[in-house]
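One structure is given here, and the rest of the page talks about it.
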Amino acid sequence: MIDKLEFLLALARERHFGRAAEVCNVTQPTLSAGLKQLEGSLGVLLVTRGARFQALTPEGERVLDWAKRIVGDVRTMRQEVHALKQGRLVGHLRIAAIPTALAMVSALTTPYHVQHPDVRFTVRSATSMDVLTALDNLEIDAGISYLDNEPIGRVRAIPLYREQYRLLIAADSPFGDRAQVTWAEIGRIPLCLLTPDMQNRRIINHLLRDAGTLDPAPTLESNSVIVLFSHVRTGQWASVMPAILAETLGLGGAVRAIPIVEPAAMHTIGLLVPNREPMTPTTAALVAEALRLAPALDKELAAKR
């Protein structure tokens, strides 16, 4: 039964029989037969079929909700039994983080690795919406994203730090020698910013509009902070980035990170994990590390404000 529920999860994510079969490492006929067996055992139609996948039926959507719970619990049970058998944590921890928080992921994974060297990590960049979707679909074990700006749904959230913003600009530019700048002033500078699908960009747009910039239109957009930073280093662009990211990039004398005021905006970044008890042992260990790290991280950033 569990493998059939895994088939349903994969099909709901991929919305394509062939891709779902690939994800499950089975042939397409095997996946289709498994789903029909699941339908037979439940006595309902789960998938609307045509020449290709069309949609889940209303019954299929409800079974999908149960499948997520059941498969999540089974994975937790297997990992816990394995940890008890091995006498240590062994496994694979999958984390998705918004681009502006990627720089701090090592503050979690490095001490975690010291404590649990047999756990391996996959860390990927994702939008805040994709983080929530991946958590719901059991594609990741944890996410790092905003907690207080847009709805985060039914997840457990552990605050890590308060994100504050800096203007990254060439030191020899007109604003390069300033101790601070306002959002109204930033609205008059050629900017390179993250793309609109990123929550960071939506936050910046809101702050610029509140400061009087009617149509915040950067001269360059990218979903990569490395692309933005490389353009700032040319001296022809400026950008707005979180302070923690600016510090991690290791700015030289040619680029300055200037505090932005009026208002001095801040948003909370935190660890997101499924709201499920018990948690998998690897996820529980990550939560414990986040709870240990958060006070020190927030204190360190507060001292630099």
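We label chains A, B, ... in the order they appear in the structure tokens, count residues from 1 in each chain, and number ligands from 1 in the order shown.
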Would you mind listing what lies within 6 Å of Gln164 in chain A as a VMD selection string, with only C-alpha atoms counted and same-chain residues fewer than 3 positions away left out? chain A and resid 242 to 243 266
Please, which residues of range 207-244 of chain A, numbered as in this document, come out alpha helix (DSSP H) from DSSP, as an MDAnalysis selection string? chainID A and resid 207:210 225:232 243:244
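If you look at CA of Ala96 in chain A and CA of Leu138 in chain A, they are 11.9 Å away from each other.
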Distance table requested - range 236-301 of chain A against range 192-195 of chain A, cut-off 7 Å, only C-alpha atoms: one row per qualifying residue with the closest atom pair and its distance in Å to one decimal, ordered by chain and rising residue number, as a tab-separated table.
residue	atom	partner	partner_atom	distance
A:Trp237	CA	A:Cys192	CA	6.4
A:Ala238	CA	A:Cys192	CA	6.2
A:Ser239	CA	A:Cys192	CA	5.2
A:Val240	CA	A:Leu193	CA	6.9
Residues of range 36-236 of chain A in strand (DSSP E or B), written as a ChimeraX atom specification: /A:47-49,53-56,91-97,119-125,142-146,155-170,181-182,191-194,220-222
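Shortest separation to Ile95 in chain A among A:Val44, A:His116, A:Ala142, A:Phe53 occurs at residue A:Ala142, atoms counted being only C-alpha atoms.
The coordinates place CA of Leu64 in chain A at 19.5 Å from CA of Gln28 in chain A.
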Could you pull the residues within 8 Å of range 101-104 of chain A, counting only C-alpha atoms, minus those fewer than 6 positions along the same chain, as a count of residues only? 7
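With only C-alpha atoms as the atoms that count, the minimum distance from Asn25 in chain A to the choices A:Glu185, A:Glu39, A:Asp215, A:Glu6 is reached by A:Glu6.
The space between CA of Ala67 in chain A and CA of Pro151 in chain A spans 23.8 Å.
Closest approach to Ser173 in chain A from the set A:Thr57, A:Thr100, A:Thr30, A:Gln236 is made by A:Gln236, with distances taken over only C-alpha atoms.
Here the question is which of A:Ile189, A:Ile169, A:Leu220, A:Leu272 gets nearest to Val255 in chain A using only C-alpha atoms, and that residue is A:Ile169.
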